[in-house]
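Engineer: Please find input-v5.csv (CSV, C-alpha atoms) on the next line:
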chain,number,residue,atom,x,y,z
I,20,MET,CA,109.8,-134.2,76.2
I,21,GLN,CA,110.2,-131.8,73.4
I,22,ALA,CA,112.2,-128.9,74.9
I,23,SER,CA,112.5,-125.3,73.6
I,24,GLN,CA,115.9,-123.8,72.9
I,25,ASN,CA,115.4,-121.0,75.5
I,26,THR,CA,118.2,-120.0,77.9
I,27,THR,CA,116.8,-118.8,81.2
I,28,SER,CA,117.9,-116.3,83.7
I,29,VAL,CA,116.0,-114.4,86.4
I,30,SER,CA,114.9,-111.0,85.1
I,31,ALA,CA,116.3,-108.0,86.8
I,32,GLY,CA,114.0,-106.7,89.5
I,33,LYS,CA,111.7,-109.8,89.6
I,34,PRO,CA,112.0,-112.4,92.3
I,35,GLY,CA,112.0,-115.5,90.1
I,36,VAL,CA,111.3,-117.3,86.9
I,37,LEU,CA,107.6,-118.1,86.0
I,38,ALA,CA,106.4,-121.1,84.0
I,39,TYR,CA,103.0,-121.2,82.4
I,40,ILE,CA,101.3,-124.5,81.4
I,41,THR,CA,98.1,-125.4,79.6
I,42,GLY,CA,97.0,-128.6,77.9
I,43,CYS,CA,97.5,-127.4,74.3
I,44,TYR,CA,99.4,-124.2,73.5
I,45,PRO,CA,99.5,-121.9,71.6
I,46,ARG,CA,96.3,-121.9,69.5
I,47,ALA,CA,94.3,-119.4,67.6
I,48,THR,CA,91.6,-119.8,70.3
I,49,ASP,CA,93.8,-118.9,73.3
I,50,THR,CA,95.2,-115.5,72.3
I,51,PHE,CA,94.2,-114.3,75.8
I,52,ILE,CA,97.0,-116.5,77.3
I,53,GLN,CA,99.5,-115.4,74.7
I,54,ARG,CA,98.8,-111.7,75.4
I,55,GLU,CA,99.1,-112.3,79.1
I,56,VAL,CA,102.4,-114.0,78.8
I,57,GLN,CA,103.7,-111.3,76.5
I,58,SER,CA,102.6,-108.5,78.9
I,59,LEU,CA,104.3,-110.2,81.8
I,60,ARG,CA,107.5,-110.4,79.8
I,61,ALA,CA,107.1,-106.7,79.0
I,62,LEU,CA,107.0,-106.0,82.8
I,63,GLY,CA,110.3,-107.8,83.2
I,64,TRP,CA,109.3,-111.4,84.0
I,65,THR,CA,110.9,-114.4,82.5
I,66,VAL,CA,108.0,-116.6,81.5
I,67,LEU,CA,108.6,-120.1,80.1
I,68,PRO,CA,105.6,-121.6,78.3
I,69,TYR,CA,104.8,-125.3,78.6
I,70,ALA,CA,102.0,-127.5,77.2
I,71,VAL,CA,101.1,-131.1,77.5
I,72,ARG,CA,100.8,-131.4,73.7
I,73,ALA,CA,101.4,-129.3,70.6
I,74,PRO,CA,98.4,-127.9,68.8
I,75,GLY,CA,97.3,-129.2,65.4
I,76,GLN,CA,98.3,-127.9,62.0
I,77,GLU,CA,95.1,-125.9,61.7
I,78,HIS,CA,96.7,-123.3,63.9
I,79,GLY,CA,100.0,-123.2,62.1
I,80,HIS,CA,99.2,-120.5,59.5
I,81,ILE,CA,99.1,-117.7,62.1
I,82,THR,CA,102.5,-116.0,62.6
I,83,ALA,CA,102.0,-115.1,66.3
I,84,VAL,CA,101.0,-118.7,67.1
I,85,MET,CA,104.1,-120.1,65.3
I,86,GLN,CA,106.4,-117.8,67.0
I,87,GLU,CA,105.2,-118.7,70.5
I,88,ARG,CA,105.3,-122.4,69.6
I,89,GLN,CA,109.0,-122.1,69.0
I,90,GLN,CA,109.4,-121.1,72.7
I,91,THR,CA,107.1,-123.7,74.1
I,92,THR,CA,108.2,-127.0,75.8
I,93,TYR,CA,105.9,-130.0,75.2
I,94,LEU,CA,105.6,-132.9,77.6
I,95,LEU,CA,104.3,-135.4,75.0
I,96,PRO,CA,105.1,-137.7,73.4
I,97,PHE,CA,106.7,-139.8,76.2
I,98,ARG,CA,110.1,-141.5,75.7
I,99,LEU,CA,110.4,-144.5,77.9
I,100,PRO,CA,114.1,-144.3,78.7
I,101,VAL,CA,113.6,-140.6,79.7
I,102,LEU,CA,110.7,-141.5,82.0
I,103,VAL,CA,112.7,-144.2,83.7
I,104,ARG,CA,115.7,-142.0,84.2
I,105,ILE,CA,113.7,-139.0,85.5
I,106,ASN,CA,111.6,-141.0,87.9
I,107,GLY,CA,114.6,-142.8,89.2
I,108,ALA,CA,116.4,-139.5,89.8
I,109,TRP,CA,113.4,-138.2,91.8
I,110,LEU,CA,113.3,-141.3,93.9
I,111,VAL,CA,117.0,-140.8,94.8
I,112,LYS,CA,116.8,-137.0,95.1
I,113,ALA,CA,113.5,-136.6,97.1
I,114,PRO,CA,112.0,-140.0,97.9
I,115,LEU,CA,109.5,-138.6,100.5
I,116,ARG,CA,108.3,-135.8,98.2
I,117,TYR,CA,108.0,-138.3,95.4
I,118,PHE,CA,105.8,-140.7,97.3
I,119,LYS,CA,103.7,-137.8,98.7
I,120,THR,CA,103.1,-136.5,95.2
I,121,LEU,CA,102.2,-140.0,94.1
I,122,GLY,CA,99.7,-140.2,97.0
I,123,LEU,CA,98.2,-136.9,95.9
I,124,ALA,CA,97.9,-138.2,92.4
I,125,PHE,CA,96.0,-141.2,93.6
I,126,LYS,CA,93.8,-139.2,95.9
I,127,THR,CA,92.7,-136.8,93.1
I,128,ARG,CA,92.1,-139.4,90.4
I,129,LYS,CA,88.8,-139.9,88.7
I,130,PRO,CA,86.9,-143.1,89.6
I,131,GLY,CA,87.4,-146.3,87.8
I,132,LEU,CA,90.3,-148.0,85.9
I,133,LYS,CA,90.2,-145.4,83.2
I,134,GLY,CA,90.5,-142.6,85.7
I,135,LEU,CA,93.4,-144.4,87.3
I,136,ALA,CA,95.1,-144.8,83.9
I,137,TYR,CA,94.8,-141.1,83.2
I,138,GLN,CA,96.1,-140.2,86.6
I,139,VAL,CA,99.2,-142.4,86.0
I,140,ALA,CA,99.8,-140.5,82.8
I,141,TYR,CA,99.3,-137.2,84.5
I,142,PHE,CA,101.9,-138.2,87.2
I,143,LEU,CA,104.4,-139.2,84.6
I,144,GLU,CA,103.9,-135.9,82.7
I,145,ALA,CA,104.3,-134.1,86.0
I,146,SER,CA,107.6,-135.9,86.8
I,147,CYS,CA,109.0,-134.8,83.5
I,148,LEU,CA,107.8,-131.2,84.0
I,149,ALA,CA,109.1,-131.0,87.5
I,150,HIS,CA,112.5,-132.2,86.2
I,151,ASP,CA,112.6,-129.4,83.6
I,152,LEU,CA,111.4,-126.8,86.1
I,153,ALA,CA,114.1,-127.7,88.6
I,154,HIS,CA,116.8,-127.7,85.8
I,155,LYS,CA,115.7,-124.2,84.7
I,156,GLN,CA,115.3,-123.0,88.3
I,157,VAL,CA,111.7,-122.0,87.9
I,158,ALA,CA,110.3,-120.5,91.0
I,159,HIS,CA,106.5,-120.7,90.4
I,160,LEU,CA,104.2,-122.7,88.0
I,161,HIS,CA,100.9,-121.2,86.8
I,162,ASN,CA,98.2,-123.0,84.9
I,163,HIS,CA,95.3,-121.7,82.8
I,164,LEU,CA,91.9,-123.4,82.7
I,165,GLY,CA,92.1,-125.7,85.7
I,166,ASP,CA,91.5,-129.0,83.9
I,167,ALA,CA,93.9,-131.9,83.3
I,168,SER,CA,96.8,-129.6,82.8
I,169,ALA,CA,96.1,-128.1,86.2
I,170,THR,CA,96.4,-131.7,87.7
I,171,VAL,CA,99.7,-132.0,86.0
I,172,ALA,CA,100.8,-128.6,87.3
I,173,MET,CA,99.7,-129.3,90.9
I,174,LEU,CA,101.6,-132.6,90.9
I,175,ALA,CA,104.7,-131.1,89.2
I,176,ALA,CA,104.9,-128.1,91.6
I,177,ARG,CA,104.5,-130.5,94.6
I,178,LEU,CA,107.3,-132.7,93.3
I,179,ALA,CA,109.6,-129.8,92.4
I,180,GLY,CA,108.9,-128.1,95.7
I,181,ILE,CA,107.8,-124.8,94.1
I,182,GLY,CA,104.6,-122.6,94.2
I,183,PHE,CA,101.5,-123.4,92.1
I,184,SER,CA,98.6,-121.3,91.0
I,185,MET,CA,95.9,-121.4,88.3
I,186,THR,CA,93.5,-119.2,86.4
I,187,ILE,CA,90.0,-120.5,86.2
I,188,HIS,CA,87.8,-119.4,83.3
I,189,GLY,CA,84.8,-121.7,83.2
I,190,PRO,CA,82.4,-122.8,82.1
I,191,HIS,CA,83.4,-126.4,81.3
I,192,ILE,CA,85.4,-126.9,84.5
I,193,PHE,CA,82.2,-126.2,86.6
I,194,PHE,CA,80.3,-129.0,84.8
I,195,ASP,CA,82.4,-131.6,86.6
I,196,PRO,CA,84.0,-130.0,89.6
I,197,VAL,CA,84.4,-133.3,91.6
I,198,ASN,CA,86.2,-135.3,88.9
I,199,TRP,CA,88.5,-132.3,88.2
I,200,ALA,CA,89.3,-132.2,91.9
I,201,LEU,CA,88.8,-128.5,92.2
I,202,ARG,CA,88.6,-128.6,96.0
I,203,ALA,CA,92.1,-130.2,96.2
I,204,LYS,CA,93.6,-127.9,93.6
I,205,VAL,CA,92.5,-124.8,95.5
I,206,ALA,CA,93.8,-126.3,98.7
I,207,HIS,CA,97.2,-126.9,97.2
I,208,ALA,CA,97.4,-123.6,95.2
I,209,ASP,CA,99.1,-120.5,96.5
I,210,PHE,CA,96.3,-118.5,94.9
I,211,VAL,CA,93.6,-118.9,92.3
I,212,VAL,CA,92.8,-116.3,89.7
I,213,CYS,CA,89.1,-116.0,88.8
I,214,ILE,CA,88.2,-114.1,85.7
I,215,SER,CA,84.9,-112.8,87.0
I,216,ASP,CA,82.8,-112.5,90.1
I,217,PHE,CA,80.6,-115.3,88.8
I,218,CYS,CA,83.7,-117.5,88.3
I,219,LYS,CA,84.8,-116.7,91.9
I,220,SER,CA,81.3,-117.6,93.2
I,221,GLN,CA,81.5,-121.0,91.5
I,222,MET,CA,85.0,-121.6,93.0
I,223,MET,CA,83.6,-120.7,96.4
I,224,LEU,CA,81.0,-123.4,95.9
I,225,PHE,CA,83.5,-126.0,95.0
I,226,SER,CA,86.2,-125.2,97.6
I,227,ASP,CA,86.7,-125.2,101.3
I,228,PRO,CA,85.6,-121.9,102.9
I,229,ALA,CA,89.0,-121.8,104.6
I,230,ASP,CA,90.6,-121.4,101.2
I,231,TRP,CA,88.3,-118.6,99.9
I,232,ARG,CA,91.0,-116.1,100.8
I,233,LYS,CA,93.1,-117.5,97.9
I,234,LEU,CA,90.4,-116.6,95.3
I,235,LEU,CA,91.2,-113.4,93.5
I,236,VAL,CA,89.3,-111.7,90.7
I,237,VAL,CA,91.6,-110.6,87.9
I,238,HIS,CA,89.9,-110.0,84.6
I,239,CYS,CA,91.1,-111.1,81.2
I,240,GLY,CA,91.7,-108.0,79.2
I,241,VAL,CA,92.4,-106.4,75.8
I,242,GLN,CA,95.0,-103.8,74.9
I,243,THR,CA,92.5,-101.0,74.7
I,244,ALA,CA,95.1,-98.4,73.6
I,245,THR,CA,95.6,-100.4,70.3
I,246,TYR,CA,91.9,-100.4,69.5
I,247,ALA,CA,90.7,-97.1,68.0
I,248,TRP,CA,87.0,-96.5,68.8
I,249,HIS,CA,84.8,-96.1,65.8
I,250,ARG,CA,81.5,-94.3,66.1
I,251,PRO,CA,78.9,-96.8,64.7
I,252,ARG,CA,76.8,-96.0,61.7
I,253,GLU,CA,73.2,-95.1,62.4
I,254,THR,CA,72.0,-98.4,61.0
I,255,GLY,CA,73.8,-101.5,59.8
I,256,GLN,CA,73.6,-104.8,58.0
I,257,THR,CA,76.8,-106.8,58.8
I,258,ILE,CA,76.6,-109.1,61.9
I,259,LEU,CA,79.8,-110.7,63.1
I,260,PHE,CA,80.4,-113.8,65.3
I,261,VAL,CA,83.9,-114.7,66.5
I,262,GLY,CA,84.6,-117.9,68.3
I,263,ARG,CA,84.8,-121.7,68.1
I,264,LEU,CA,82.1,-123.4,66.0
I,265,ALA,CA,81.0,-125.6,68.9
I,266,ALA,CA,77.6,-126.5,70.4
I,267,GLU,CA,78.0,-124.3,73.5
I,268,LYS,CA,78.2,-121.2,71.3
I,269,GLY,CA,74.6,-121.4,70.4
I,270,ILE,CA,75.2,-120.8,66.6
I,271,LEU,CA,72.3,-123.1,65.6
I,272,VAL,CA,70.0,-120.7,67.5
I,273,LEU,CA,71.7,-117.8,65.8
I,274,LEU,CA,71.0,-119.3,62.4
I,275,GLU,CA,67.3,-119.7,63.2
I,276,SER,CA,67.1,-116.1,64.4
I,277,PHE,CA,69.0,-114.8,61.4
I,278,ALA,CA,66.7,-116.7,59.0
I,279,ASP,CA,63.8,-114.8,60.7
I,280,LEU,CA,65.8,-111.5,60.6
I,281,ILE,CA,66.4,-111.5,56.8
I,282,GLN,CA,62.6,-111.7,56.2
I,283,ARG,CA,62.5,-108.2,57.7
I,284,ARG,CA,65.9,-107.0,56.7
I,285,PRO,CA,67.0,-108.8,53.6
I,286,GLN,CA,70.2,-106.9,53.2
I,287,ALA,CA,71.6,-108.3,56.5
I,288,ARG,CA,74.7,-110.5,56.3
I,289,LEU,CA,76.2,-112.8,58.9
I,290,ARG,CA,80.0,-113.6,59.1
I,291,LEU,CA,81.3,-116.4,61.2
I,292,ALA,CA,85.0,-116.1,62.2
I,293,GLY,CA,86.4,-119.3,63.7
I,294,ASP,CA,86.3,-123.0,63.2
I,295,GLY,CA,85.5,-126.1,65.2
I,296,GLU,CA,83.8,-129.5,65.4
I,297,ASP,CA,80.4,-128.2,64.4
I,298,ARG,CA,81.4,-126.5,61.1
I,299,GLN,CA,79.9,-129.2,58.9
I,300,VAL,CA,76.7,-129.3,60.9
I,301,LEU,CA,76.4,-125.5,60.6
I,302,GLN,CA,77.1,-125.4,56.9
I,303,THR,CA,74.4,-128.0,56.3
I,304,ARG,CA,71.9,-126.0,58.4
I,305,VAL,CA,72.8,-122.8,56.5
I,306,LYS,CA,71.9,-124.6,53.2
I,307,GLN,CA,68.6,-126.0,54.7
I,308,LEU,CA,67.5,-122.5,55.8
I,309,GLY,CA,68.4,-121.1,52.4
I,310,LEU,CA,71.0,-118.7,53.9
I,311,SER,CA,74.0,-119.6,51.7
I,312,MET,CA,74.0,-116.1,50.1
I,313,HIS,CA,73.8,-114.4,53.4
I,314,VAL,CA,76.2,-116.4,55.7
I,315,THR,CA,80.0,-116.5,55.3
I,316,PHE,CA,82.3,-119.0,57.1
I,317,LEU,CA,85.7,-117.3,57.5
I,318,GLY,CA,87.5,-120.1,59.3
I,319,TYR,CA,90.4,-119.5,61.8
I,320,CYS,CA,91.5,-115.9,61.6
I,321,SER,CA,94.6,-114.1,62.8
I,322,GLN,CA,94.3,-111.3,65.4
I,323,GLU,CA,94.7,-108.8,62.6
I,324,THR,CA,92.0,-110.3,60.5
I,325,VAL,CA,89.6,-110.4,63.4
I,326,ARG,CA,90.4,-106.7,64.0
I,327,GLN,CA,89.6,-105.9,60.4
I,328,GLU,CA,86.3,-107.9,60.6
I,329,LEU,CA,85.3,-106.0,63.7
I,330,GLU,CA,86.1,-102.6,62.1
I,331,ALA,CA,83.8,-103.6,59.2
I,332,ALA,CA,81.0,-105.0,61.3
I,333,ASP,CA,77.8,-103.2,62.4
I,334,LEU,CA,76.8,-105.6,65.2
I,335,PHE,CA,78.6,-108.3,67.1
I,336,VAL,CA,76.7,-111.4,68.4
I,337,LEU,CA,77.7,-114.1,70.8
I,338,PRO,CA,74.6,-116.3,71.5
I,339,SER,CA,76.3,-118.8,73.8
I,340,PHE,CA,74.8,-121.3,76.2
I,341,ALA,CA,77.8,-121.2,78.5
I,342,GLU,CA,80.7,-118.7,78.8
I,343,GLY,CA,83.3,-117.2,81.0
I,344,VAL,CA,83.8,-113.5,80.1
I,345,PRO,CA,84.6,-113.6,76.4
I,346,VAL,CA,87.6,-111.6,75.2
I,347,SER,CA,85.9,-111.4,71.8
I,348,LEU,CA,83.1,-109.3,73.4
I,349,MET,CA,85.7,-107.0,74.9
I,350,GLU,CA,87.4,-106.5,71.6
I,351,ALA,CA,84.1,-105.6,69.9
I,352,MET,CA,83.2,-103.2,72.7
I,353,ALA,CA,86.7,-101.6,72.6
I,354,ILE,CA,86.3,-100.9,68.9
I,355,GLY,CA,82.8,-99.6,69.3
I,356,VAL,CA,80.7,-102.4,67.7
I,357,PRO,CA,77.4,-102.7,69.5
I,358,VAL,CA,77.1,-106.2,71.0
I,359,VAL,CA,74.3,-108.8,71.6
I,360,SER,CA,74.9,-111.8,73.9
I,361,THR,CA,73.2,-114.0,76.5
I,362,PHE,CA,72.7,-114.1,80.2
I,363,VAL,CA,75.3,-116.8,80.9
I,364,GLY,CA,78.4,-117.0,83.1
I,365,GLY,CA,80.1,-113.7,83.7
I,366,VAL,CA,78.8,-112.0,80.5
I,367,ALA,CA,76.4,-109.8,82.4
I,368,GLU,CA,79.3,-108.3,84.3
I,369,LEU,CA,80.6,-107.0,80.9
I,370,VAL,CA,77.5,-106.5,78.9
I,371,LEU,CA,75.2,-104.4,81.1
I,372,PRO,CA,71.7,-104.8,79.6
I,373,GLY,CA,70.7,-101.7,77.7
I,374,GLU,CA,73.8,-99.8,78.8
I,375,THR,CA,76.8,-101.5,77.2
I,376,GLY,CA,75.0,-103.9,75.0
I,377,LEU,CA,71.9,-106.1,74.7
I,378,LEU,CA,71.4,-109.4,76.5
I,379,VAL,CA,68.8,-112.1,75.8
I,380,ALA,CA,67.9,-115.5,77.3
I,381,ALA,CA,70.2,-118.2,76.0
I,382,GLY,CA,68.4,-120.4,73.5
I,383,ASN,CA,65.6,-118.0,72.9
I,384,ALA,CA,65.6,-117.5,69.1
I,385,GLN,CA,62.7,-115.0,69.2
I,386,GLN,CA,64.4,-112.7,71.8
I,387,LEU,CA,67.6,-113.0,69.8
I,388,THR,CA,65.9,-111.9,66.6
I,389,GLN,CA,64.4,-108.8,68.3
I,390,ALA,CA,67.8,-107.9,69.8
I,391,LEU,CA,69.6,-108.3,66.4
I,392,LEU,CA,66.9,-106.1,64.7
I,393,ALA,CA,67.2,-103.4,67.4
I,394,GLY,CA,71.0,-103.6,67.3
I,395,LEU,CA,71.0,-103.0,63.6
I,396,THR,CA,68.3,-100.4,63.3
I,397,ASP,CA,68.0,-98.3,66.5
I,398,ALA,CA,70.4,-95.4,65.9
I,399,ASP,CA,70.2,-94.0,69.4
I,400,LEU,CA,70.7,-97.4,71.0
I,401,ARG,CA,73.7,-98.1,68.8
I,402,GLN,CA,75.4,-94.8,69.7
I,403,ARG,CA,74.7,-95.0,73.4
I,404,VAL,CA,75.8,-98.6,74.0
I,405,SER,CA,78.9,-98.2,71.8
I,406,ALA,CA,80.3,-95.3,73.8
I,407,ALA,CA,79.4,-96.8,77.2
I,408,ALA,CA,80.9,-100.1,76.2
I,409,ARG,CA,84.2,-98.5,75.3
I,410,GLN,CA,84.3,-96.7,78.6
I,411,LEU,CA,83.7,-99.9,80.6
I,412,VAL,CA,86.3,-102.0,78.8
I,413,THR,CA,88.9,-99.2,79.1
I,414,SER,CA,88.3,-98.8,82.9
I,415,ALA,CA,87.8,-102.4,84.0
I,416,TYR,CA,89.2,-104.8,81.3
I,417,ASP,CA,92.4,-103.1,80.0
I,418,LEU,CA,95.0,-105.8,79.6
I,419,GLN,CA,97.9,-103.7,81.0
I,420,GLN,CA,96.0,-102.8,84.2
I,421,GLN,CA,94.9,-106.4,84.8
I,422,VAL,CA,98.4,-107.9,84.1
I,423,ALA,CA,99.9,-105.3,86.4
I,424,THR,CA,97.6,-106.6,89.1
I,425,LEU,CA,98.5,-110.2,88.3
I,426,SER,CA,102.2,-109.3,88.4
I,427,ALA,CA,101.9,-107.8,91.8
I,428,VAL,CA,100.3,-111.1,93.0
I,429,PHE,CA,103.2,-113.1,91.6
I,430,GLU,CA,105.7,-110.7,93.3
I,431,GLN,CA,103.8,-111.0,96.6
I,432,ASN,CA,104.0,-114.8,96.5
I,433,LEU,CA,107.6,-115.0,95.2
I,434,GLY,CA,109.2,-112.1,97.0
I,435,PRO,CA,111.1,-112.1,100.3
I,436,GLY,CA,109.0,-113.4,103.2
I,437,ALA,CA,106.5,-115.2,100.8
Show me, as structure tokens, the structure contained in the file I just sent.
Structural biologist:
Amino acid sequence: MQASQNTTSVSAGKPGVLAYITGCYPRATDTFIQREVQSLRALGWTVLPYAVRAPGQEHGHITAVMQERQQTTYLLPFRLPVLVRINGAWLVKAPLRYFKTLGLAFKTRKPGLKGLAYQVAYFLEASCLAHDLAHKQVAHLHNHLGDASATVAMLAARLAGIGFSMTIHGPHIFFDPVNWALRAKVAHADFVVCISDFCKSQMMLFSDPADWRKLLVVHCGVQTATYAWHRPRETGQTILFVGRLAAEKGILVLLESFADLIQRRPQARLRLAGDGEDRQVLQTRVKQLGLSMHVTFLGYCSQETVRQELEAADLFVLPSFAEGVPVSLMEAMAIGVPVVSTFVGGVAELVLPGETGLLVAAGNAQQLTQALLAGLTDADLRQRVSAAARQLVTSAYDLQQQVATLSAVFEQNLGPGA
């Protein structure tokens, strides 16, 4: 296990040390976790970040990512002598808890030999994590995303004898709820944070009704005070997308719509901020559609670069097939950029159709073209949704407000009598 150099003490006024874990951290694509951790620290919490593995070098050019990486403890790669020593120590120190945790790992495995092999790996990761948590006197372990890293977190917390919770975002976790053992994770969690009402409804579907009381809605958020609202121009030409270049983002549909749009508005430009496994496919499609002079691939961008792109954009688009509640939409709305997105996940809780933005059916290129055209050319619509969007994000998706709520939940679960 690659450990950070942090020294740890309980923050004044807070009931214990928190640990956060995800599968891969920190990355350019999970700034929402980094901001949450930083905000909890600002409230006086000691928060120790963990990850199963370190991110790739493609994230290494962003200063904020590199700074957080220096504070993060990584579970992989394994070192056999360390594994033997740690597991032997747990067998001596807490044999009953060790075997109960091993039983939980076996119970929540995916089917087949491959599933068993993965679960053995998760258990070994959990044993190392539990050892470090006990050494640093961590009181509570929190996971983001609910996937394999949540399995590790659940097992580690059980072995260490501390509290466990997780934040569920979706949508991927809902595609395979049985194999990700969501029912068991909710049952063993002290509480489960859901980022939207839609997310909570899915977790209600995949958990025991007796555990529904554990499901809490706490939104992701943005630091609205740091985003100055800009009144949009009456008409525009620059469309911005921010996100991973992956199939679920619907970018191929966006390119089809954009090709139609420039037949009517040839001065339009599309800028794609982000990177991912579909970049080559998308670049090829841009050439096939004859859009090379109109579409710019920006690659991974720092938070400051994204802010600059938003301030220069006339319209923000997120044509996804599946989403949680995208922080990128919140940022655009906070700055005042009119937004176009799709009726998926919790998006409609943020983008109220015709009020705070425009929504279309996912995968419908014709509807998307019409929405893009209206979003660029309808001056009254642009002004109206921009102001209303800023108001909604400020009132319901402000990071400080949401983290204060989360902090209160942690205090309730860690404080006297918890």
Engineer: Would you mind telling me which residue in I:Asn198, I:Glu368, I:Cys239, I:Ala292 lies nearest to Thr324 of chain I when using only C-alpha atoms?
Structural biologist: I:Ala292
Engineer: So the first atom is atom CA of Leu348 of chain I and the second is atom CA of Tyr319 of chain I; what is the distance between them in Å, to one decimal place?
Structural biologist: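 Taking atom CA of Leu348 of chain I and atom CA of Tyr319 of chain I, their separation equals 17.1 Å.
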Engineer: Closest to Pro285 of chain I among I:Ser339, I:Gln419, I:Gln256, I:Asn162, using all atoms listed in the file?
Structural biologist: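 Residue with the minimum atom-to-atom distance to Pro285 of chain I: I:Gln256.
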Engineer: Which distance in Å separates atom CA of Glu350 of chain I and atom CA of Leu378 of chain I, to one decimal?
Structural biologist: 17.0 Å
Engineer: Neighbouring residues of Asp209 of chain I were defined as those with any atom within 12 Å, considering only C-alpha atoms; residues of the same chain fewer than 6 positions away were excluded. Please report them as a PyMOL selection string.
Structural biologist: chain I and resi 159-162+173+176-177+181-186+203+230-235+428-429+431-433+437
Engineer: List the spatial neighbours of segment 34-48 of chain I as a VMD selection string - criterion: any atom at most 9 Å away, all atoms listed in the file, same-chain residues fewer than 5 positions off excluded.
Structural biologist: chain I and resid 27 to 29 53 56 64 to 75 77 to 79 81 83 to 85 87 to 88 91 93 152 155 to 169 171 to 172 262 to 263 293 319 to 322 429 to 430 433 to 435
Engineer: Give me the residues within 12 Å of Asp399 of chain I as a list in words, counting only C-alpha atoms and dropping any in the same chain fewer than 2 places off.
Structural biologist: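 Contacts, in chain order: Arg250, Pro251, Arg252, Glu253, Thr254, Pro357, Gly373, Glu374, Ala393, Gly394, Leu395, Thr396, Asp397, Arg401, Gln402, Arg403, Val404, Ser405 and Ala406 of chain I.
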